[in-house]
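Notes to accompany the following structure.
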Amino acid sequence: MKIIKMHLLPIKLQLKRPFISNHETVSQREITIIGLKNDAGIWGYGELEAFSAPYYTAETQKTARSIIRDIVSPLLKNTRIIQPEDITSILSVIAGNQMAKAAVETAVWDLFAKTQKQTLAALIAEKMNTTYHQNIPVGISIGAKSSFAELEKSVVSAISQGYQRIKIKVISIEGLNLIKKVIQKFPDLTFMIDANSSFNLSIAPKLAEISAPNLVMIEQPLRTTDFVEHSRLQLECKTRLCLDENIFSLDDVKTAYRLKSARAINLKSSRVGGITNALAIISFCWTHDLLVWCGGMLEAGIGRATNLALASLTGLNFPGDISASSRYYSKDIITSDFILTNGKISLPAKPGIGVSLTPAYQKALKNTISLL
Ligand code: OSB
Ligand code: MG
């Protein structure tokens, strides 16, 4: 197939409440919806997941849109795509800019699955020679809190909603102390901590002290580029470390594996350049005894559906950061929200990523000028 149209629609969604991590406090989520049309008249959609400012990663909505406009679109023009992996390889000439590439790449996967009249989940499972689950157990990521009462309230609310694993953000030593208390108070719950690079190696004794049977993982305690120090920390720390901000590619996962920087990988297809690269990372992790699970980054409906398709793979069993649509947004961009039933979210049944933009977003997207 050929891609004959590419539309970009930047939008802003208001979060129900601000989400606090070490990088920033997000109150409004800027996202760009990507629509691609092929020569058979079928549309595929993707979501550009970069944030407004370059704190979590170097890309921003603006830089990524400019890469898509100036560099990606000429590469797509008159190009024949037979398999979705073709687009990954075409875009691989672009260094970095993983989220810009992922937005377009994922829309091609959606388009391809639709032409095959298959769900993205089924297509991915077929590519990976495995099966997939219809109902997917999910976890929740709770932003950093400044008091025990507030933290406990969020944890209790998460349990009552049915989330199967609770991740708590931390930005300070005081925060670690609050989390330690909550982990002790709820011994039957599965917890993890995400530090988003809050600390340096001097945190090692504190992390060793916080170790508990129901604390399954500590995500990204140290700096974003630091494989070597994470490796030293993992030696000193019984709890499994997980890398997030360090991982932009399969090469990064290999580095982490060889240096023993962590024993788990938070996989975000948008951060690694798209689905093809995500699948390669999953394969590597499965054959090298690294726990790989599906992360999230406050996605709207299209991104959430993409994450869910990945998380549906049999073998990707650790509950991902894929909460119900209503957790972050009162009005999403798609026509049917993802809801939580007994701690699980169901895969949509329609072909491709399986969700539809609301008529208003559909209209607004198609009213933009095509970049092709
Ligand atoms: O570090 O995993 C992270 C959100 C934005 C950016 C980075 C992260 C997160 C989350 C929330 O933890 C995950 C989600 O529920 O989407
Ligand atoms: Mg993280």
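Letters for chains follow the order of the structure tokens (A, B, ...), residue numbers begin at 1 for each chain, and ligand numbers begin at 1 in the order shown.
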Inset, instruction - Compile the contact shell of Asn367 in chain A as a list in words: residues with an atom at most 9 Å away, counting only C-alpha atoms, same-chain residues fewer than 4 positions apart removed. - result: His7, Gln362 and Lys363 of chain A
Go ahead and save the residues from that selection, with N, CA, C and O atoms, as a PDB file, in the first residue's frame.
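The new file out.pdb reads:
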ATOM      1  N   HIS A   7      -2.382  13.613   8.213  1.00  0.00           N
ATOM      2  CA  HIS A   7      -2.917  14.783   8.919  1.00  0.00           C
ATOM      3  C   HIS A   7      -2.450  14.774  10.373  1.00  0.00           C
ATOM      4  O   HIS A   7      -2.376  13.722  11.000  1.00  0.00           O
ATOM      5  N   GLN A 362     -12.637  13.633  14.661  1.00  0.00           N
ATOM      6  CA  GLN A 362     -12.517  13.091  13.307  1.00  0.00           C
ATOM      7  C   GLN A 362     -12.589  14.233  12.280  1.00  0.00           C
ATOM      8  O   GLN A 362     -11.749  14.340  11.391  1.00  0.00           O
ATOM      9  N   LYS A 363     -13.592  15.087  12.488  1.00  0.00           N
ATOM     10  CA  LYS A 363     -13.839  16.189  11.556  1.00  0.00           C
ATOM     11  C   LYS A 363     -12.673  17.181  11.611  1.00  0.00           C
ATOM     12  O   LYS A 363     -12.140  17.591  10.581  1.00  0.00           O
TER      13      LYS A 363
END
Inset, instruction - Check the DSSP output for the backbone and give back, as an NGL selection string, the residues of range 176-340 of chain A in strand (DSSP E). - result: :A and (191-194 or 215-219 or 241-243 or 264-267 or 291-294)
Using N, CA, C and O atoms, can you write the selected residues to a file as a PDB file, in the first residue's frame?
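Here's the written file result-v4.pdb:
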ATOM      1  N   PHE A 191       3.140  -3.634  45.430  1.00  0.00           N
ATOM      2  CA  PHE A 191       3.559  -2.251  45.194  1.00  0.00           C
ATOM      3  C   PHE A 191       4.804  -2.179  44.321  1.00  0.00           C
ATOM      4  O   PHE A 191       5.615  -3.100  44.296  1.00  0.00           O
ATOM      5  N   MET A 192       4.939  -1.053  43.646  1.00  0.00           N
ATOM      6  CA  MET A 192       6.234  -0.692  43.081  1.00  0.00           C
ATOM      7  C   MET A 192       6.418   0.820  43.245  1.00  0.00           C
ATOM      8  O   MET A 192       5.448   1.538  43.476  1.00  0.00           O
ATOM      9  N   ILE A 193       7.669   1.238  43.122  1.00  0.00           N
ATOM     10  CA  ILE A 193       7.989   2.657  43.284  1.00  0.00           C
ATOM     11  C   ILE A 193       8.590   3.152  41.971  1.00  0.00           C
ATOM     12  O   ILE A 193       9.328   2.420  41.324  1.00  0.00           O
ATOM     13  N   ASP A 194       8.236   4.379  41.572  1.00  0.00           N
ATOM     14  CA  ASP A 194       8.876   4.989  40.408  1.00  0.00           C
ATOM     15  C   ASP A 194       9.494   6.312  40.830  1.00  0.00           C
ATOM     16  O   ASP A 194       8.788   7.248  41.209  1.00  0.00           O
ATOM     17  N   LEU A 215       7.005  -5.291  47.863  1.00  0.00           N
ATOM     18  CA  LEU A 215       7.560  -4.239  46.985  1.00  0.00           C
ATOM     19  C   LEU A 215       8.305  -4.967  45.866  1.00  0.00           C
ATOM     20  O   LEU A 215       9.402  -5.484  46.069  1.00  0.00           O
ATOM     21  N   VAL A 216       7.690  -5.016  44.690  1.00  0.00           N
ATOM     22  CA  VAL A 216       8.237  -5.904  43.652  1.00  0.00           C
ATOM     23  C   VAL A 216       9.269  -5.227  42.758  1.00  0.00           C
ATOM     24  O   VAL A 216      10.025  -5.920  42.073  1.00  0.00           O
ATOM     25  N   MET A 217       9.315  -3.917  42.771  1.00  0.00           N
ATOM     26  CA  MET A 217      10.189  -3.260  41.810  1.00  0.00           C
ATOM     27  C   MET A 217      10.419  -1.801  42.165  1.00  0.00           C
ATOM     28  O   MET A 217       9.523  -1.157  42.682  1.00  0.00           O
ATOM     29  N   ILE A 218      11.603  -1.300  41.850  1.00  0.00           N
ATOM     30  CA  ILE A 218      11.855   0.144  41.950  1.00  0.00           C
ATOM     31  C   ILE A 218      12.271   0.625  40.566  1.00  0.00           C
ATOM     32  O   ILE A 218      13.253   0.145  39.999  1.00  0.00           O
ATOM     33  N   GLU A 219      11.487   1.555  40.037  1.00  0.00           N
ATOM     34  CA  GLU A 219      11.706   2.030  38.665  1.00  0.00           C
ATOM     35  C   GLU A 219      12.550   3.303  38.661  1.00  0.00           C
ATOM     36  O   GLU A 219      12.295   4.226  39.440  1.00  0.00           O
ATOM     37  N   LEU A 241      15.372  -3.745  40.183  1.00  0.00           N
ATOM     38  CA  LEU A 241      15.315  -2.420  39.584  1.00  0.00           C
ATOM     39  C   LEU A 241      14.713  -2.536  38.190  1.00  0.00           C
ATOM     40  O   LEU A 241      14.847  -3.563  37.516  1.00  0.00           O
ATOM     41  N   CYS A 242      14.056  -1.460  37.761  1.00  0.00           N
ATOM     42  CA  CYS A 242      13.426  -1.408  36.444  1.00  0.00           C
ATOM     43  C   CYS A 242      13.867  -0.117  35.765  1.00  0.00           C
ATOM     44  O   CYS A 242      13.935   0.925  36.420  1.00  0.00           O
ATOM     45  N   LEU A 243      14.194  -0.172  34.484  1.00  0.00           N
ATOM     46  CA  LEU A 243      14.570   1.055  33.766  1.00  0.00           C
ATOM     47  C   LEU A 243      13.421   1.544  32.895  1.00  0.00           C
ATOM     48  O   LEU A 243      12.717   0.763  32.264  1.00  0.00           O
ATOM     49  N   ALA A 264      14.357  -5.488  35.131  1.00  0.00           N
ATOM     50  CA  ALA A 264      13.053  -5.288  34.500  1.00  0.00           C
ATOM     51  C   ALA A 264      13.099  -4.082  33.571  1.00  0.00           C
ATOM     52  O   ALA A 264      13.907  -3.164  33.768  1.00  0.00           O
ATOM     53  N   ILE A 265      12.221  -4.110  32.575  1.00  0.00           N
ATOM     54  CA  ILE A 265      12.136  -3.020  31.608  1.00  0.00           C
ATOM     55  C   ILE A 265      10.688  -2.537  31.536  1.00  0.00           C
ATOM     56  O   ILE A 265       9.772  -3.328  31.303  1.00  0.00           O
ATOM     57  N   ASN A 266      10.515  -1.227  31.735  1.00  0.00           N
ATOM     58  CA  ASN A 266       9.223  -0.602  31.492  1.00  0.00           C
ATOM     59  C   ASN A 266       9.198  -0.256  30.007  1.00  0.00           C
ATOM     60  O   ASN A 266       9.976   0.573  29.540  1.00  0.00           O
ATOM     61  N   LEU A 267       8.326  -0.924  29.277  1.00  0.00           N
ATOM     62  CA  LEU A 267       8.291  -0.746  27.826  1.00  0.00           C
ATOM     63  C   LEU A 267       7.191   0.225  27.436  1.00  0.00           C
ATOM     64  O   LEU A 267       6.032   0.045  27.796  1.00  0.00           O
ATOM     65  N   LEU A 291      12.346  -9.094  33.091  1.00  0.00           N
ATOM     66  CA  LEU A 291      10.906  -8.884  33.176  1.00  0.00           C
ATOM     67  C   LEU A 291      10.545  -7.659  32.328  1.00  0.00           C
ATOM     68  O   LEU A 291      11.094  -6.584  32.536  1.00  0.00           O
ATOM     69  N   VAL A 292       9.660  -7.835  31.363  1.00  0.00           N
ATOM     70  CA  VAL A 292       9.245  -6.691  30.543  1.00  0.00           C
ATOM     71  C   VAL A 292       7.747  -6.493  30.722  1.00  0.00           C
ATOM     72  O   VAL A 292       6.988  -7.453  30.752  1.00  0.00           O
ATOM     73  N   TRP A 293       7.347  -5.243  30.888  1.00  0.00           N
ATOM     74  CA  TRP A 293       5.927  -4.951  31.100  1.00  0.00           C
ATOM     75  C   TRP A 293       5.599  -3.617  30.446  1.00  0.00           C
ATOM     76  O   TRP A 293       6.485  -2.838  30.115  1.00  0.00           O
ATOM     77  N   CYS A 294       4.311  -3.378  30.267  1.00  0.00           N
ATOM     78  CA  CYS A 294       3.875  -2.240  29.469  1.00  0.00           C
ATOM     79  C   CYS A 294       3.618  -0.999  30.317  1.00  0.00           C
ATOM     80  O   CYS A 294       2.718  -0.993  31.156  1.00  0.00           O
TER      81      CYS A 294
END
Inset, instruction - Return as a list in words every polymer residue, whether protein, DNA or RNA, with at least one atom no more than 7 Å from an atom of ligand 1; count only C-alpha atoms and all ligand atoms. - result: Tyr56, Ile140, Ser141, Asp194, Asn196, Asp244, Gly295, Gly296, Met297, Leu298, Glu299, Asp321, Ile322 and Ser323 of chain A
Take the residues from that selection and put them in a file with C-alpha atoms, as a short mmCIF file (atom, residue, chain, number, x, y, z; two decimals), in the first residue's frame.
data_model
loop_
_atom_site.label_atom_id
_atom_site.label_comp_id
_atom_site.auth_asym_id
_atom_site.auth_seq_id
_atom_site.Cartn_x
_atom_site.Cartn_y
_atom_site.Cartn_z
CA TYR A 56 10.79 13.20 30.74
CA ILE A 140 -2.20 2.11 38.40
CA SER A 141 0.47 4.78 38.74
CA ASP A 194 8.88 4.99 40.41
CA ASN A 196 11.82 9.13 37.74
CA ASP A 244 12.25 3.51 32.04
CA GLY A 295 4.23 1.29 30.83
CA GLY A 296 2.15 4.34 30.08
CA MET A 297 2.48 8.09 29.82
CA LEU A 298 -0.93 9.63 30.34
CA GLU A 299 -2.10 8.55 26.90
CA ASP A 321 0.40 1.17 33.77
CA ILE A 322 -2.83 1.13 31.81
CA SER A 323 -5.61 2.60 33.86
#
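Proximity ranking of A:Gly303, A:Thr119, A:Asn200, A:Pro18 relative to Tyr132 in chain A places A:Thr119 first, based on only C-alpha atoms.
When CA of Lys12 in chain A is paired with CA of Pro74 in chain A, their separation reads 27.0 Å.
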Inset, instruction - Tell me which of A:Asp289, A:Asp252, A:Glu105, A:Glu245 sits closest to ligand 2, counting only C-alpha atoms and all ligand atoms. - result: A:Glu245
Inset, instruction - Give me the residues within 9 Å of His288 in chain A as a ChimeraX atom specification, counting only C-alpha atoms and dropping any in the same chain fewer than 4 places off. - result: /A:257,283-284
Take the residues just selected and output them with N, CA, C and O atoms as an mmCIF file, in the first residue's frame.
data_model
loop_
_atom_site.group_PDB
_atom_site.id
_atom_site.type_symbol
_atom_site.label_atom_id
_atom_site.label_comp_id
_atom_site.auth_asym_id
_atom_site.auth_seq_id
_atom_site.Cartn_x
_atom_site.Cartn_y
_atom_site.Cartn_z
ATOM 1 N N TYR A 257 21.079 -5.173 30.020
ATOM 2 C CA TYR A 257 21.231 -6.603 30.301
ATOM 3 C C TYR A 257 22.701 -6.954 30.557
ATOM 4 O O TYR A 257 23.045 -7.602 31.536
ATOM 5 N N SER A 283 10.909 -9.685 22.669
ATOM 6 C CA SER A 283 11.586 -10.951 22.331
ATOM 7 C C SER A 283 12.898 -11.084 23.080
ATOM 8 O O SER A 283 13.208 -12.131 23.647
ATOM 9 N N PHE A 284 13.678 -10.005 23.055
ATOM 10 C CA PHE A 284 14.980 -10.047 23.739
ATOM 11 C C PHE A 284 14.792 -10.305 25.237
ATOM 12 O O PHE A 284 15.470 -11.148 25.827
#
